[in-house]
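The file start27.tsv contains TSV, C-alpha atoms and all ligand atoms:
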```tsv
chain	number	residue	atom	x	y	z
A	600	MET	CA	161.93	112.90	79.85
A	601	ALA	CA	162.32	115.52	82.55
A	602	VAL	CA	164.16	115.11	85.82
A	603	GLY	CA	161.92	114.97	88.89
A	604	VAL	CA	162.79	116.95	92.01
A	605	LEU	CA	160.99	115.93	95.19
A	606	ALA	CA	159.29	119.18	96.18
A	607	LEU	CA	157.89	118.60	99.65
A	608	GLN	CA	160.32	120.79	101.55
A	609	GLY	CA	163.89	122.10	101.39
A	610	SER	CA	166.07	123.22	98.47
A	611	PHE	CA	164.05	121.88	95.54
A	612	ASN	CA	163.87	125.28	93.81
A	613	GLU	CA	167.65	125.57	93.89
A	614	HIS	CA	167.97	122.14	92.24
A	615	LEU	CA	165.46	123.14	89.55
A	616	ALA	CA	167.51	126.30	88.91
A	617	ALA	CA	170.75	124.29	88.76
A	618	LEU	CA	169.17	121.94	86.20
A	619	ARG	CA	168.00	124.92	84.15
A	620	ARG	CA	171.57	126.25	84.12
A	621	ILE	CA	172.72	123.10	82.29
A	622	GLY	CA	169.74	123.15	79.94
A	623	VAL	CA	167.75	120.37	81.62
A	624	LYS	CA	164.06	120.52	82.45
A	625	GLY	CA	163.21	119.63	86.04
A	626	VAL	CA	159.70	119.08	87.38
A	627	GLU	CA	158.39	119.25	90.92
A	628	ILE	CA	157.24	115.94	92.38
A	629	ARG	CA	154.62	115.98	95.12
A	630	LYS	CA	152.47	112.98	94.25
A	631	ALA	CA	153.32	109.34	93.62
A	632	GLU	CA	151.80	109.30	90.12
A	633	GLN	CA	154.04	112.21	89.01
A	634	LEU	CA	157.02	109.85	89.29
A	635	GLU	CA	155.74	108.02	86.20
A	636	ASN	CA	156.59	111.05	84.05
A	637	VAL	CA	160.24	111.43	85.01
A	638	SER	CA	163.33	109.45	84.10
A	639	SER	CA	165.35	110.29	87.20
A	640	LEU	CA	164.83	111.92	90.57
A	641	ILE	CA	166.61	114.34	92.89
A	642	ILE	CA	165.76	114.27	96.60
A	643	PRO	CA	166.91	117.67	97.93
A	644	GLY	CA	168.37	118.81	101.21
A	645	GLY	CA	166.12	120.22	103.89
A	646	GLU	CA	165.03	118.62	107.13
A	647	SER	CA	164.74	114.89	106.75
A	648	THR	CA	162.28	114.31	109.62
A	649	THR	CA	159.88	116.93	108.27
A	650	MET	CA	160.33	115.69	104.72
A	651	ALA	CA	159.66	112.11	105.84
A	652	LYS	CA	156.47	113.18	107.64
A	653	LEU	CA	155.26	114.95	104.50
A	654	ALA	CA	156.19	111.98	102.30
A	655	GLU	CA	154.25	109.72	104.64
A	656	LEU	CA	151.27	112.05	104.57
A	657	HIS	CA	151.24	111.96	100.76
A	658	ASN	CA	151.81	108.17	100.76
A	659	LEU	CA	154.97	108.61	98.71
A	660	PHE	CA	157.27	106.02	100.28
A	661	PRO	CA	156.08	102.94	98.31
A	662	ALA	CA	156.42	104.80	94.99
A	663	LEU	CA	159.84	106.23	95.93
A	664	ARG	CA	161.11	102.75	96.90
A	665	GLU	CA	159.75	101.33	93.65
A	666	PHE	CA	161.48	104.11	91.66
A	667	VAL	CA	164.84	103.25	93.27
A	668	LYS	CA	164.31	99.49	92.77
A	669	MET	CA	163.51	99.99	89.08
A	670	GLY	CA	167.09	101.17	88.65
A	671	LYS	CA	166.18	104.73	87.68
A	672	PRO	CA	168.85	107.29	88.64
A	673	VAL	CA	168.19	108.89	92.03
A	674	TRP	CA	170.38	111.53	93.68
A	675	GLY	CA	169.99	112.48	97.32
A	676	THR	CA	171.63	115.65	98.61
A	677	CYS	CA	171.98	116.10	102.36
A	678	ALA	CA	168.53	115.22	103.79
A	679	GLY	CA	168.07	113.34	100.48
A	680	LEU	CA	171.11	111.22	101.34
A	681	ILE	CA	169.49	110.37	104.69
A	682	PHE	CA	166.31	109.34	102.82
A	683	LEU	CA	168.25	106.95	100.59
A	684	ALA	CA	170.40	105.33	103.29
A	685	ASP	CA	169.50	101.84	104.44
A	686	LYS	CA	170.27	102.87	108.01
A	687	ALA	CA	170.37	106.21	109.86
A	688	THR	CA	171.59	107.09	113.32
A	689	GLY	CA	171.07	110.29	115.32
A	690	GLN	CA	167.39	110.42	114.48
A	691	LYS	CA	164.72	112.09	116.56
A	692	THR	CA	162.91	109.86	119.07
A	693	GLY	CA	160.80	107.32	117.24
A	694	GLY	CA	163.06	107.49	114.18
A	695	GLN	CA	161.84	108.34	110.74
A	696	GLU	CA	160.86	106.35	107.68
A	697	LEU	CA	163.57	105.95	105.04
A	698	VAL	CA	163.37	105.13	101.34
A	699	GLY	CA	166.56	103.07	101.57
A	700	GLY	CA	168.38	101.32	98.74
A	701	LEU	CA	171.82	102.78	99.46
A	702	ASP	CA	173.89	100.26	101.39
A	703	CYS	CA	175.30	102.55	104.05
A	704	THR	CA	174.78	103.96	107.52
A	705	VAL	CA	174.49	107.74	107.87
A	706	HIS	CA	174.65	109.93	110.91
A	707	ARG	CA	171.91	112.53	110.53
A	708	ASN	CA	173.70	115.53	112.05
A	709	PHE	CA	177.25	114.27	112.04
A	710	PHE	CA	178.96	117.68	112.06
A	711	GLY	CA	176.80	119.14	114.82
A	712	SER	CA	174.12	121.80	114.86
A	713	GLN	CA	173.22	124.51	112.35
A	714	ILE	CA	175.99	126.85	113.49
A	715	GLN	CA	178.59	124.19	112.76
A	716	SER	CA	177.72	124.44	109.05
A	717	PHE	CA	180.81	124.98	106.91
A	718	GLU	CA	182.37	124.97	103.45
A	719	ALA	CA	185.22	122.75	102.33
A	720	GLU	CA	187.31	122.25	99.21
A	721	LEU	CA	186.80	118.57	98.40
A	722	PRO	CA	189.03	116.60	96.06
A	723	VAL	CA	186.67	114.66	93.76
A	724	PRO	CA	188.81	112.84	91.17
A	725	GLU	CA	185.82	111.10	89.55
A	726	LEU	CA	184.02	114.41	88.97
A	727	ALA	CA	187.10	116.07	87.48
A	728	ALA	CA	187.76	113.03	85.27
A	729	THR	CA	184.18	112.91	83.97
A	730	GLU	CA	183.25	116.61	83.85
A	731	GLY	CA	186.58	118.42	83.60
A	732	GLY	CA	187.28	121.57	85.61
A	733	PRO	CA	189.41	121.76	88.73
A	734	PRO	CA	190.29	118.61	90.72
A	735	SER	CA	188.30	119.78	93.73
A	736	PHE	CA	184.75	120.96	94.43
A	737	ARG	CA	183.75	123.74	96.84
A	738	ALA	CA	181.15	122.00	98.99
A	739	VAL	CA	178.58	123.66	101.25
A	740	PHE	CA	177.68	121.61	104.33
A	741	ILE	CA	174.55	122.76	106.19
A	742	ARG	CA	173.92	120.81	109.41
A	743	ALA	CA	175.13	117.99	107.28
A	744	PRO	CA	174.97	114.24	107.67
A	745	ALA	CA	177.98	111.99	107.00
A	746	ILE	CA	178.34	108.40	105.93
A	747	LEU	CA	179.74	106.23	108.72
A	748	GLU	CA	180.09	102.99	106.82
A	749	VAL	CA	179.38	101.64	103.34
A	750	GLY	CA	178.68	98.21	101.88
A	751	PRO	CA	180.93	96.53	99.30
A	752	GLY	CA	178.98	97.76	96.27
A	753	VAL	CA	179.32	101.42	97.20
A	754	GLU	CA	181.92	103.62	95.51
A	755	VAL	CA	183.27	106.46	97.65
A	756	LEU	CA	183.52	109.64	95.55
A	757	ALA	CA	184.56	112.16	98.21
A	758	SER	CA	185.61	112.44	101.83
A	759	VAL	CA	186.22	115.44	104.04
A	760	SER	CA	188.94	115.84	106.66
A	761	VAL	CA	187.73	116.58	110.17
A	762	PRO	CA	189.66	117.00	113.41
A	763	SER	CA	190.07	113.63	115.06
A	764	ASN	CA	188.75	114.84	118.40
A	765	LYS	CA	185.46	116.02	116.82
A	766	ASN	CA	182.39	113.93	117.55
A	767	VAL	CA	184.49	111.03	118.77
A	768	ASP	CA	181.75	109.94	121.11
A	769	PHE	CA	179.50	108.74	118.32
A	770	ASN	CA	181.84	108.09	115.41
A	771	PRO	CA	183.99	104.98	115.69
A	772	ALA	CA	185.79	105.83	112.44
A	773	LEU	CA	187.20	108.99	114.00
A	774	GLN	CA	188.34	107.20	117.12
A	775	GLU	CA	190.39	104.85	114.98
A	776	GLY	CA	192.15	107.67	113.13
A	777	SER	CA	192.88	109.83	116.14
A	778	ALA	CA	195.89	107.85	117.32
A	779	GLU	CA	197.73	108.39	114.06
A	780	SER	CA	197.03	111.97	113.04
A	781	ASP	CA	195.13	115.14	113.87
A	782	THR	CA	192.56	114.65	111.15
A	783	SER	CA	190.40	111.81	109.88
A	784	LYS	CA	188.48	111.30	106.68
A	785	VAL	CA	184.71	111.13	106.71
A	786	ILE	CA	182.77	109.95	103.65
A	787	VAL	CA	180.50	112.62	102.12
A	788	ALA	CA	179.76	111.48	98.55
A	789	VAL	CA	179.04	107.99	97.21
A	790	LYS	CA	177.62	106.14	94.22
A	791	GLN	CA	176.00	102.74	94.17
A	792	GLY	CA	174.65	101.71	90.77
A	793	ASN	CA	171.76	104.07	90.00
A	794	ILE	CA	172.08	105.93	93.31
A	795	LEU	CA	174.19	109.04	93.86
A	796	ALA	CA	174.35	110.67	97.29
A	797	THR	CA	176.12	113.77	98.60
A	798	ALA	CA	176.11	115.07	102.18
A	799	PHE	CA	176.56	118.63	100.89
A	800	HIS	CA	174.58	121.01	98.64
A	801	PRO	CA	175.88	121.28	95.03
A	802	GLU	CA	172.68	123.14	94.08
A	803	LEU	CA	173.91	126.15	96.10
A	804	THR	CA	177.10	126.64	94.13
A	805	ILE	CA	177.79	127.80	90.60
A	806	ASP	CA	179.78	124.67	89.79
A	807	SER	CA	177.27	122.53	87.86
A	808	ARG	CA	179.43	119.44	87.55
A	809	TRP	CA	177.47	117.28	90.02
A	810	HIS	CA	174.25	117.99	88.13
A	811	SER	CA	175.94	117.18	84.80
A	812	TYR	CA	177.42	114.05	86.34
A	813	PHE	CA	174.00	112.93	87.55
A	814	MET	CA	172.50	113.53	84.11
A	815	LYS	CA	175.04	111.15	82.62
A	816	MET	CA	173.78	108.38	84.92
A	817	SER	CA	170.57	108.30	82.89
A	818	PRO	CA	171.17	107.02	79.33
A	819	SER	CA	168.11	108.84	77.97
A	820	ASN	CA	169.52	112.14	79.21
A	821	ASN	CA	172.99	111.81	77.69
A	822	GLU	CA	171.97	113.81	74.67
A	823	ILE	CA	170.76	116.81	76.67
A	824	THR	CA	173.88	116.78	78.80
A	825	ALA	CA	176.17	116.48	75.80
A	826	ALA	CA	174.43	119.45	74.16
A	827	SER	CA	174.61	121.66	77.24
A	828	SER	CA	178.18	120.74	78.14
A	829	SER	CA	179.39	121.59	74.65
A	830	SER	CA	178.76	125.28	75.35
A	831	SER	CA	181.83	127.39	76.07
A	832	SER	CA	180.87	127.87	79.72
A	833	SER	CA	179.90	124.35	80.72
A	834	TYR	CA	181.75	124.33	84.01
A	835	TYR	CA	180.20	127.44	85.54
A	836	ALA	CA	177.07	127.09	83.47
A	837	ASP	CA	175.42	130.44	84.08
A	838	GLN	CA	177.04	133.17	86.14
A	839	GLU	CA	173.79	135.18	86.08
A	840	SER	CA	171.75	132.75	88.10
A	841	TYR	CA	174.44	131.78	90.53
A	842	LEU	CA	172.52	131.93	93.77
A	843	TYR	CA	175.51	131.40	95.98
A	844	ASN	CA	177.61	134.21	94.43
A	845	LYS	CA	174.80	136.71	94.59
A	846	GLN	CA	173.88	136.32	98.19
A	847	PRO	CA	175.95	136.67	101.33
A	848	LYS	CA	176.58	133.49	103.27
A	849	THR	CA	173.97	134.36	105.88
A	850	ASP	CA	171.26	134.23	103.22
A	851	LEU	CA	171.73	130.51	102.66
A	852	PRO	CA	168.57	128.56	103.49
A	853	ILE	CA	168.34	127.95	107.20
A	854	TYR	CA	167.17	124.50	108.20
A	855	GLU	CA	166.19	123.89	111.78
A	901	LIG	N1	170.94	120.48	104.92
A	901	LIG	C1	170.29	119.39	105.19
A	901	LIG	O1	169.63	118.79	104.35
A	901	LIG	C2	170.33	118.97	106.63
A	901	LIG	C3	169.77	117.62	106.90
A	901	LIG	C4	169.56	117.43	108.37
A	901	LIG	N2	170.75	117.02	109.04
A	901	LIG	C5	168.45	116.42	108.60
A	901	LIG	O2	168.38	115.67	109.40
A	901	LIG	O3	167.52	116.37	107.98
```
As structure tokens, please, write out the structure in this file.
Amino acid sequence: MAVGVLALQGSFNEHLAALRRIGVKGVEIRKAEQLENVSSLIIPGGESTTMAKLAELHNLFPALREFVKMGKPVWGTCAGLIFLADKATGQKTGGQELVGGLDCTVHRNFFGSQIQSFEAELPVPELAATEGGPPSFRAVFIRAPAILEVGPGVEVLASVSVPSNKNVDFNPALQEGSAESDTSKVIVAVKQGNILATAFHPELTIDSRWHSYFMKMSPSNNEITAASSSSSSSYYADQESYLYNKQPKTDLPIYE
């Protein structure tokens, strides 16, 4: 079965391209009934308030919650992480509807506004152990959220170092760390059973390991992943279609 990519808004095309690079068929999901034809789902980055309004308009929330509850693999990137969190802070007035299921609290715009977007080299031991390649992953953060706290069943896959004096007014975790050192760790990638969530955008980089990793979370997709990762260039699956290499940084999608 194909992988669904929620295609209401945001970087769904980039996820579809990333899946293609590892030989996996992705399909756009815009209606609840389309979820019946996919074995797993990616909720892309974008603007979570807008995406939530569109999901509400299309009456998608009940079906999305059901999909998560059924134990099917779901991966949220950036705004997708916000969708999957049980609790979000820093929302617009009136809040926004969440799919939930991931036992954590996220801050919607933890790192600040659009111009505070950045890249960071993240050590991700689990990714390197499962997918090979270098021990770290070059992560693109675009007006990114961060995970403030996680429940006991949540595995932390990656954290990023930030200056301790950054955002101290709303992040208790950073206040704690600031007495000891100049930097603190903030959680940016987690896994909880069938749910994977990253605060950054792996679909914008040539490194396909997060997509391959996600494919392995779905037993029915193991075969496809095994076939594609046996090629000689499994790590940087397809240099040709590497969006991020081809375009200057300023051409990255701009979210409000
Ligand atoms: N790149 C992103 O997906 C940004 C998400 C954004 N912080 C939001 O609230 O929706």
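The two atoms in question, atom CA of Thr797 of chain A and atom CA of Thr676 of chain A, are spaced 4.9 Å apart.
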Review point. Of the candidates A:Phe682, A:Trp809, A:Phe710, A:Phe799, which one gets nearest to Leu605 of chain A if we count only C-alpha atoms?
Key: A:Phe682
**Study point:** Residues near Ile741 of chain A, cut-off 12 Å, only C-alpha atoms, skip fewer than 2 positions along chain, as number ranges by chain
**Key:** A: 609-610, 644-646, 676-678, 707-719, 738-739, 743-745, 797-801, 803, 848-849, 851-855
Kindly save the residues from that selection, with C-alpha atoms included, as a short mmCIF file (atom, residue, chain, number, x, y, z; two decimals), in the coordinates of the input.
```
data_model
loop_
_atom_site.label_atom_id
_atom_site.label_comp_id
_atom_site.auth_asym_id
_atom_site.auth_seq_id
_atom_site.Cartn_x
_atom_site.Cartn_y
_atom_site.Cartn_z
CA GLY A 609 163.89 122.10 101.39
CA SER A 610 166.07 123.22 98.47
CA GLY A 644 168.37 118.81 101.21
CA GLY A 645 166.12 120.22 103.89
CA GLU A 646 165.03 118.62 107.13
CA THR A 676 171.63 115.65 98.61
CA CYS A 677 171.98 116.10 102.36
CA ALA A 678 168.53 115.22 103.79
CA ARG A 707 171.91 112.53 110.53
CA ASN A 708 173.70 115.53 112.05
CA PHE A 709 177.25 114.27 112.04
CA PHE A 710 178.96 117.68 112.06
CA GLY A 711 176.80 119.14 114.82
CA SER A 712 174.12 121.80 114.86
CA GLN A 713 173.22 124.51 112.35
CA ILE A 714 175.99 126.85 113.49
CA GLN A 715 178.59 124.19 112.76
CA SER A 716 177.72 124.44 109.05
CA PHE A 717 180.81 124.98 106.91
CA GLU A 718 182.37 124.97 103.45
CA ALA A 719 185.22 122.75 102.33
CA ALA A 738 181.15 122.00 98.99
CA VAL A 739 178.58 123.66 101.25
CA ALA A 743 175.13 117.99 107.28
CA PRO A 744 174.97 114.24 107.67
CA ALA A 745 177.98 111.99 107.00
CA THR A 797 176.12 113.77 98.60
CA ALA A 798 176.11 115.07 102.18
CA PHE A 799 176.56 118.63 100.89
CA HIS A 800 174.58 121.01 98.64
CA PRO A 801 175.88 121.28 95.03
CA LEU A 803 173.91 126.15 96.10
CA LYS A 848 176.58 133.49 103.27
CA THR A 849 173.97 134.36 105.88
CA LEU A 851 171.73 130.51 102.66
CA PRO A 852 168.57 128.56 103.49
CA ILE A 853 168.34 127.95 107.20
CA TYR A 854 167.17 124.50 108.20
CA GLU A 855 166.19 123.89 111.78
#
```
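Distance-wise, atom CA of Ser811 of chain A and atom CA of Phe740 of chain A end up 20.1 Å apart.
Among the candidates A:Ala616, A:Met650, A:Ile641, A:Met669, the one nearest to Glu696 of chain A when counting all atoms listed in the file is A:Met650.
The spacing separating atom CA of Asp781 of chain A from atom CA of Thr704 of chain A amounts to 24.1 Å.
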Point to revise | Residue list as a ChimeraX atom specification for point (167.5, 122.3, 84.9), cut-off 12 Å, only C-alpha atoms | key: /A:601-604,611-627,641,802,807,810-811,813-814,820,823-824,827,836-837,840
